[in-house]
Amino acid sequence: MNNSDQQAHVHEVLGSVQFSEMQDPHNHRFATITGEAIPYDGTDHYHEVLFKTDFFRDHYHEFHGITTTSIPIGNTHVHFLESSTTFNDGHEHGFRVVTLIDDPTKP
């Protein structure tokens with residue numbers, strides 16, 4: 001967490017989880033904003049991510065974890081995240097996602 005009066009940057013995150021391996025195959029969607037940049041190793045950072053998926057037949061899933069450190073893209077960066085959701089309604093879902101860049105309007 002940034003202790004100054006200014007907010008550290010965040011990233012948009014959106015995607016779909018992988019289809020479940022059960023009798024009723026389905027997936028879920030999610031969209032969120034990461035937490036503020038968390039300093040790492042003096043020169044880099046990562047972000048906390050928390051989301052709930054959309055509903056499918058009366059259930060949803062949650063996730064709480066962290067991204068990788070920054071991955072340079074041109075004059076900005078993104079982050080990668082690969083994990084699984086919570087176990088709900090007898091199953092969980094894996095997912096892989098790359099954040100959007102931190103400020104798409106920045107020149």
# chains A, B, ... in the order shown; residues from 1 in each chain; ligands from 1
$ residues_around --residues "Ile33 of chain A" --least-positions-apart "6" --cutoff "9 Å" --atoms "only C-alpha atoms" --output "list in words"
Val10, His11, Glu12, Val13, Leu14, Val49, Leu50 and Phe51 of chain A
$ write_last_selection --atoms "C-alpha atoms" --output "JSON list (two decimals), in the first residue's frame"
[["chain", "number", "residue", "atom", "x", "y", "z"],
["A", 10, "VAL", "CA", -3.49, 0.28, -10.74],
["A", 11, "HIS", "CA", -4.41, -1.96, -13.70],
["A", 12, "GLU", "CA", -7.67, -3.17, -15.16],
["A", 13, "VAL", "CA", -8.13, -6.95, -15.19],
["A", 14, "LEU", "CA", -10.80, -8.81, -17.12],
["A", 49, "VAL", "CA", -6.03, -8.88, -7.15],
["A", 50, "LEU", "CA", -9.46, -9.67, -5.72],
["A", 51, "PHE", "CA", -12.59, -10.55, -7.69]]
$ select_by_dssp --residues "chain A" --states "strand (DSSP E)" --output "PDB file with N, CA and C atoms, in the first residue's frame"
ATOM      1  N   GLU A  12      -6.411  -2.470 -14.925  1.00  0.00           N
ATOM      2  CA  GLU A  12      -7.670  -3.168 -15.164  1.00  0.00           C
ATOM      3  C   GLU A  12      -7.359  -4.636 -15.431  1.00  0.00           C
ATOM      4  N   VAL A  13      -8.260  -5.503 -14.977  1.00  0.00           N
ATOM      5  CA  VAL A  13      -8.126  -6.947 -15.193  1.00  0.00           C
ATOM      6  C   VAL A  13      -9.487  -7.478 -15.592  1.00  0.00           C
ATOM      7  N   LEU A  14      -9.548  -8.188 -16.715  1.00  0.00           N
ATOM      8  CA  LEU A  14     -10.805  -8.813 -17.115  1.00  0.00           C
ATOM      9  C   LEU A  14     -10.516 -10.096 -17.866  1.00  0.00           C
ATOM     10  N   GLY A  15     -11.448 -11.023 -17.772  1.00  0.00           N
ATOM     11  CA  GLY A  15     -11.232 -12.290 -18.449  1.00  0.00           C
ATOM     12  C   GLY A  15     -12.330 -13.290 -18.180  1.00  0.00           C
ATOM     13  N   SER A  16     -12.077 -14.500 -18.616  1.00  0.00           N
ATOM     14  CA  SER A  16     -12.967 -15.639 -18.399  1.00  0.00           C
ATOM     15  C   SER A  16     -12.154 -16.773 -17.814  1.00  0.00           C
ATOM     16  N   ARG A  29     -17.148 -15.151 -16.074  1.00  0.00           N
ATOM     17  CA  ARG A  29     -16.392 -13.966 -16.450  1.00  0.00           C
ATOM     18  C   ARG A  29     -16.095 -13.137 -15.208  1.00  0.00           C
ATOM     19  N   PHE A  30     -15.079 -12.280 -15.313  1.00  0.00           N
ATOM     20  CA  PHE A  30     -14.749 -11.378 -14.208  1.00  0.00           C
ATOM     21  C   PHE A  30     -14.129 -10.099 -14.751  1.00  0.00           C
ATOM     22  N   ALA A  31     -14.277  -9.024 -14.006  1.00  0.00           N
ATOM     23  CA  ALA A  31     -13.658  -7.734 -14.331  1.00  0.00           C
ATOM     24  C   ALA A  31     -13.407  -7.006 -13.021  1.00  0.00           C
ATOM     25  N   THR A  32     -12.210  -6.436 -12.881  1.00  0.00           N
ATOM     26  CA  THR A  32     -11.851  -5.749 -11.643  1.00  0.00           C
ATOM     27  C   THR A  32     -10.711  -4.779 -11.893  1.00  0.00           C
ATOM     28  N   ILE A  33     -10.310  -4.101 -10.854  1.00  0.00           N
ATOM     29  CA  ILE A  33      -9.133  -3.233 -10.847  1.00  0.00           C
ATOM     30  C   ILE A  33      -8.191  -3.798  -9.785  1.00  0.00           C
ATOM     31  N   ILE A  38       2.565  -2.511  -5.198  1.00  0.00           N
ATOM     32  CA  ILE A  38       3.254  -2.889  -3.962  1.00  0.00           C
ATOM     33  C   ILE A  38       4.740  -3.032  -4.300  1.00  0.00           C
ATOM     34  N   PRO A  39       5.603  -2.209  -3.724  1.00  0.00           N
ATOM     35  CA  PRO A  39       7.036  -2.271  -4.054  1.00  0.00           C
ATOM     36  C   PRO A  39       7.614  -3.662  -3.798  1.00  0.00           C
ATOM     37  N   TYR A  40       8.575  -4.042  -4.675  1.00  0.00           N
ATOM     38  CA  TYR A  40       9.225  -5.345  -4.556  1.00  0.00           C
ATOM     39  C   TYR A  40      10.691  -5.210  -4.947  1.00  0.00           C
ATOM     40  N   ASP A  44      11.082  -2.945  -8.477  1.00  0.00           N
ATOM     41  CA  ASP A  44       9.916  -3.466  -9.189  1.00  0.00           C
ATOM     42  C   ASP A  44       8.703  -3.415  -8.268  1.00  0.00           C
ATOM     43  N   HIS A  45       7.612  -4.023  -8.714  1.00  0.00           N
ATOM     44  CA  HIS A  45       6.381  -4.030  -7.931  1.00  0.00           C
ATOM     45  C   HIS A  45       5.464  -5.136  -8.436  1.00  0.00           C
ATOM     46  N   TYR A  46       4.435  -5.413  -7.670  1.00  0.00           N
ATOM     47  CA  TYR A  46       3.369  -6.335  -8.063  1.00  0.00           C
ATOM     48  C   TYR A  46       2.062  -5.750  -7.542  1.00  0.00           C
ATOM     49  N   GLU A  48      -2.018  -6.703  -5.788  1.00  0.00           N
ATOM     50  CA  GLU A  48      -2.997  -7.615  -5.219  1.00  0.00           C
ATOM     51  C   GLU A  48      -4.231  -7.595  -6.122  1.00  0.00           C
ATOM     52  N   VAL A  49      -4.834  -8.769  -6.309  1.00  0.00           N
ATOM     53  CA  VAL A  49      -6.032  -8.884  -7.147  1.00  0.00           C
ATOM     54  C   VAL A  49      -7.108  -9.617  -6.357  1.00  0.00           C
ATOM     55  N   LEU A  50      -8.324  -9.082  -6.410  1.00  0.00           N
ATOM     56  CA  LEU A  50      -9.464  -9.666  -5.718  1.00  0.00           C
ATOM     57  C   LEU A  50     -10.673  -9.534  -6.631  1.00  0.00           C
ATOM     58  N   PHE A  51     -11.372 -10.648  -6.885  1.00  0.00           N
ATOM     59  CA  PHE A  51     -12.593 -10.550  -7.694  1.00  0.00           C
ATOM     60  C   PHE A  51     -13.579 -11.654  -7.363  1.00  0.00           C
ATOM     61  N   LYS A  52     -14.817 -11.412  -7.763  1.00  0.00           N
ATOM     62  CA  LYS A  52     -15.872 -12.423  -7.786  1.00  0.00           C
ATOM     63  C   LYS A  52     -16.271 -12.579  -9.247  1.00  0.00           C
ATOM     64  N   GLU A  62     -14.626 -16.930  -6.260  1.00  0.00           N
ATOM     65  CA  GLU A  62     -13.821 -15.785  -5.859  1.00  0.00           C
ATOM     66  C   GLU A  62     -12.344 -16.092  -6.059  1.00  0.00           C
ATOM     67  N   PHE A  63     -11.556 -15.028  -6.078  1.00  0.00           N
ATOM     68  CA  PHE A  63     -10.102 -15.166  -6.141  1.00  0.00           C
ATOM     69  C   PHE A  63      -9.475 -14.031  -5.352  1.00  0.00           C
ATOM     70  N   HIS A  64      -8.388 -14.336  -4.645  1.00  0.00           N
ATOM     71  CA  HIS A  64      -7.600 -13.328  -3.952  1.00  0.00           C
ATOM     72  C   HIS A  64      -6.153 -13.769  -4.035  1.00  0.00           C
ATOM     73  N   GLY A  65      -5.320 -12.983  -4.699  1.00  0.00           N
ATOM     74  CA  GLY A  65      -3.921 -13.333  -4.850  1.00  0.00           C
ATOM     75  C   GLY A  65      -3.127 -12.160  -5.393  1.00  0.00           C
ATOM     76  N   ILE A  66      -1.945 -12.450  -5.947  1.00  0.00           N
ATOM     77  CA  ILE A  66      -1.076 -11.392  -6.452  1.00  0.00           C
ATOM     78  C   ILE A  66      -0.609 -11.690  -7.871  1.00  0.00           C
ATOM     79  N   ILE A  71       6.063  -6.620 -16.372  1.00  0.00           N
ATOM     80  CA  ILE A  71       6.565  -7.131 -17.645  1.00  0.00           C
ATOM     81  C   ILE A  71       6.576  -5.938 -18.605  1.00  0.00           C
ATOM     82  N   PRO A  72       7.757  -5.459 -19.018  1.00  0.00           N
ATOM     83  CA  PRO A  72       7.827  -4.276 -19.882  1.00  0.00           C
ATOM     84  C   PRO A  72       7.116  -4.482 -21.221  1.00  0.00           C
ATOM     85  N   ILE A  73       6.344  -3.468 -21.611  1.00  0.00           N
ATOM     86  CA  ILE A  73       5.653  -3.430 -22.906  1.00  0.00           C
ATOM     87  C   ILE A  73       5.819  -1.999 -23.431  1.00  0.00           C
ATOM     88  N   THR A  76       5.654   1.222 -21.123  1.00  0.00           N
ATOM     89  CA  THR A  76       4.851   0.941 -19.928  1.00  0.00           C
ATOM     90  C   THR A  76       5.019  -0.530 -19.553  1.00  0.00           C
ATOM     91  N   HIS A  77       4.034  -1.131 -18.918  1.00  0.00           N
ATOM     92  CA  HIS A  77       4.170  -2.522 -18.492  1.00  0.00           C
ATOM     93  C   HIS A  77       2.802  -3.155 -18.228  1.00  0.00           C
ATOM     94  N   VAL A  78       2.814  -4.486 -18.078  1.00  0.00           N
ATOM     95  CA  VAL A  78       1.644  -5.276 -17.694  1.00  0.00           C
ATOM     96  C   VAL A  78       2.097  -6.256 -16.611  1.00  0.00           C
ATOM     97  N   PHE A  80       1.237 -10.549 -15.208  1.00  0.00           N
ATOM     98  CA  PHE A  80       0.628 -11.845 -15.519  1.00  0.00           C
ATOM     99  C   PHE A  80       0.097 -12.458 -14.224  1.00  0.00           C
ATOM    100  N   LEU A  81      -0.964 -13.245 -14.362  1.00  0.00           N
ATOM    101  CA  LEU A  81      -1.546 -13.933 -13.218  1.00  0.00           C
ATOM    102  C   LEU A  81      -2.116 -15.260 -13.700  1.00  0.00           C
ATOM    103  N   GLU A  82      -1.698 -16.347 -13.061  1.00  0.00           N
ATOM    104  CA  GLU A  82      -2.223 -17.682 -13.366  1.00  0.00           C
ATOM    105  C   GLU A  82      -2.545 -18.363 -12.055  1.00  0.00           C
ATOM    106  N   SER A  83      -3.796 -18.797 -11.905  1.00  0.00           N
ATOM    107  CA  SER A  83      -4.204 -19.399 -10.638  1.00  0.00           C
ATOM    108  C   SER A  83      -5.533 -20.126 -10.807  1.00  0.00           C
ATOM    109  N   SER A  84      -6.218 -20.367  -9.697  1.00  0.00           N
ATOM    110  CA  SER A  84      -7.540 -21.002  -9.682  1.00  0.00           C
ATOM    111  C   SER A  84      -8.461 -20.234  -8.755  1.00  0.00           C
ATOM    112  N   GLY A  94      -9.616 -22.837 -13.281  1.00  0.00           N
ATOM    113  CA  GLY A  94      -8.314 -22.223 -13.506  1.00  0.00           C
ATOM    114  C   GLY A  94      -8.477 -21.010 -14.409  1.00  0.00           C
ATOM    115  N   PHE A  95      -7.493 -20.140 -14.403  1.00  0.00           N
ATOM    116  CA  PHE A  95      -7.501 -18.990 -15.313  1.00  0.00           C
ATOM    117  C   PHE A  95      -6.085 -18.463 -15.499  1.00  0.00           C
ATOM    118  N   ARG A  96      -5.875 -17.802 -16.626  1.00  0.00           N
ATOM    119  CA  ARG A  96      -4.634 -17.097 -16.950  1.00  0.00           C
ATOM    120  C   ARG A  96      -5.040 -15.757 -17.512  1.00  0.00           C
ATOM    121  N   VAL A  97      -4.410 -14.684 -17.039  1.00  0.00           N
ATOM    122  CA  VAL A  97      -4.793 -13.355 -17.493  1.00  0.00           C
ATOM    123  C   VAL A  97      -3.575 -12.430 -17.459  1.00  0.00           C
ATOM    124  N   VAL A  98      -3.578 -11.474 -18.366  1.00  0.00           N
ATOM    125  CA  VAL A  98      -2.595 -10.403 -18.376  1.00  0.00           C
ATOM    126  C   VAL A  98      -3.359  -9.122 -18.100  1.00  0.00           C
TER     127      VAL A  98
END
$ closest_residue --among "A:His26, A:Gly42, A:His47, A:Phe87" --to "His9 of chain A" --atoms "only C-alpha atoms"
A:His47
$ atom_distance --atom1 "atom CA of Gln7 of chain A" --atom2 "atom CA of Thr53 of chain A"
26.1 Å
$ residues_around --residues "His28 of chain A" --least-positions-apart "3" --cutoff "9 Å" --atoms "only C-alpha atoms" --output "list in words"
Gly15, Ser16, Val17, Gln18, Phe19, Thr53, Asp54, Phe55, Phe56, Tyr60, His61 and His93 of chain A
$ write_last_selection --atoms "N, CA and C atoms" --output "PDB file, in the first residue's frame"
ATOM      1  N   GLY A  15     -11.448 -11.023 -17.772  1.00  0.00           N
ATOM      2  CA  GLY A  15     -11.232 -12.290 -18.449  1.00  0.00           C
ATOM      3  C   GLY A  15     -12.330 -13.290 -18.180  1.00  0.00           C
ATOM      4  N   SER A  16     -12.077 -14.500 -18.616  1.00  0.00           N
ATOM      5  CA  SER A  16     -12.967 -15.639 -18.399  1.00  0.00           C
ATOM      6  C   SER A  16     -12.154 -16.773 -17.814  1.00  0.00           C
ATOM      7  N   VAL A  17     -12.763 -17.512 -16.920  1.00  0.00           N
ATOM      8  CA  VAL A  17     -12.099 -18.687 -16.363  1.00  0.00           C
ATOM      9  C   VAL A  17     -12.239 -19.848 -17.338  1.00  0.00           C
ATOM     10  N   GLN A  18     -11.420 -20.870 -17.151  1.00  0.00           N
ATOM     11  CA  GLN A  18     -11.487 -22.060 -17.995  1.00  0.00           C
ATOM     12  C   GLN A  18     -12.766 -22.840 -17.697  1.00  0.00           C
ATOM     13  N   PHE A  19     -13.229 -23.609 -18.661  1.00  0.00           N
ATOM     14  CA  PHE A  19     -14.435 -24.419 -18.467  1.00  0.00           C
ATOM     15  C   PHE A  19     -14.205 -25.448 -17.379  1.00  0.00           C
ATOM     16  N   THR A  53     -16.541 -13.805  -9.651  1.00  0.00           N
ATOM     17  CA  THR A  53     -16.997 -14.040 -11.017  1.00  0.00           C
ATOM     18  C   THR A  53     -18.486 -13.729 -11.133  1.00  0.00           C
ATOM     19  N   ASP A  54     -19.000 -13.767 -12.350  1.00  0.00           N
ATOM     20  CA  ASP A  54     -20.443 -13.671 -12.543  1.00  0.00           C
ATOM     21  C   ASP A  54     -21.100 -14.970 -12.060  1.00  0.00           C
ATOM     22  N   PHE A  55     -22.429 -14.983 -11.993  1.00  0.00           N
ATOM     23  CA  PHE A  55     -23.188 -16.150 -11.537  1.00  0.00           C
ATOM     24  C   PHE A  55     -23.462 -17.114 -12.687  1.00  0.00           C
ATOM     25  N   PHE A  56     -23.505 -18.392 -12.368  1.00  0.00           N
ATOM     26  CA  PHE A  56     -23.977 -19.430 -13.288  1.00  0.00           C
ATOM     27  C   PHE A  56     -24.747 -20.423 -12.446  1.00  0.00           C
ATOM     28  N   TYR A  60     -21.112 -18.677  -7.845  1.00  0.00           N
ATOM     29  CA  TYR A  60     -20.025 -17.874  -8.376  1.00  0.00           C
ATOM     30  C   TYR A  60     -18.744 -18.321  -7.686  1.00  0.00           C
ATOM     31  N   HIS A  61     -17.625 -17.764  -8.090  1.00  0.00           N
ATOM     32  CA  HIS A  61     -16.332 -18.095  -7.500  1.00  0.00           C
ATOM     33  C   HIS A  61     -15.603 -16.811  -7.146  1.00  0.00           C
ATOM     34  N   HIS A  93     -12.220 -23.283 -10.960  1.00  0.00           N
ATOM     35  CA  HIS A  93     -11.835 -22.971 -12.341  1.00  0.00           C
ATOM     36  C   HIS A  93     -10.430 -22.391 -12.355  1.00  0.00           C
TER      37      HIS A  93
END
$ closest_residue --among "A:Lys106, A:Arg57, A:Thr86, A:Pro25" --to "Gly74 of chain A" --atoms "only C-alpha atoms"
A:Lys106
$ atom_distance --atom1 "atom CA of Thr43 of chain A" --atom2 "atom CA of Ile101 of chain A"
18.3 Å
$ atom_distance --atom1 "atom CA of Thr68 of chain A" --atom2 "atom CA of Ala8 of chain A"
16.8 Å
$ closest_residue --among "A:Asp24, A:Glu92, A:Asp102, A:Thr85" --to "Glu36 of chain A" --atoms "only C-alpha atoms"
A:Asp102
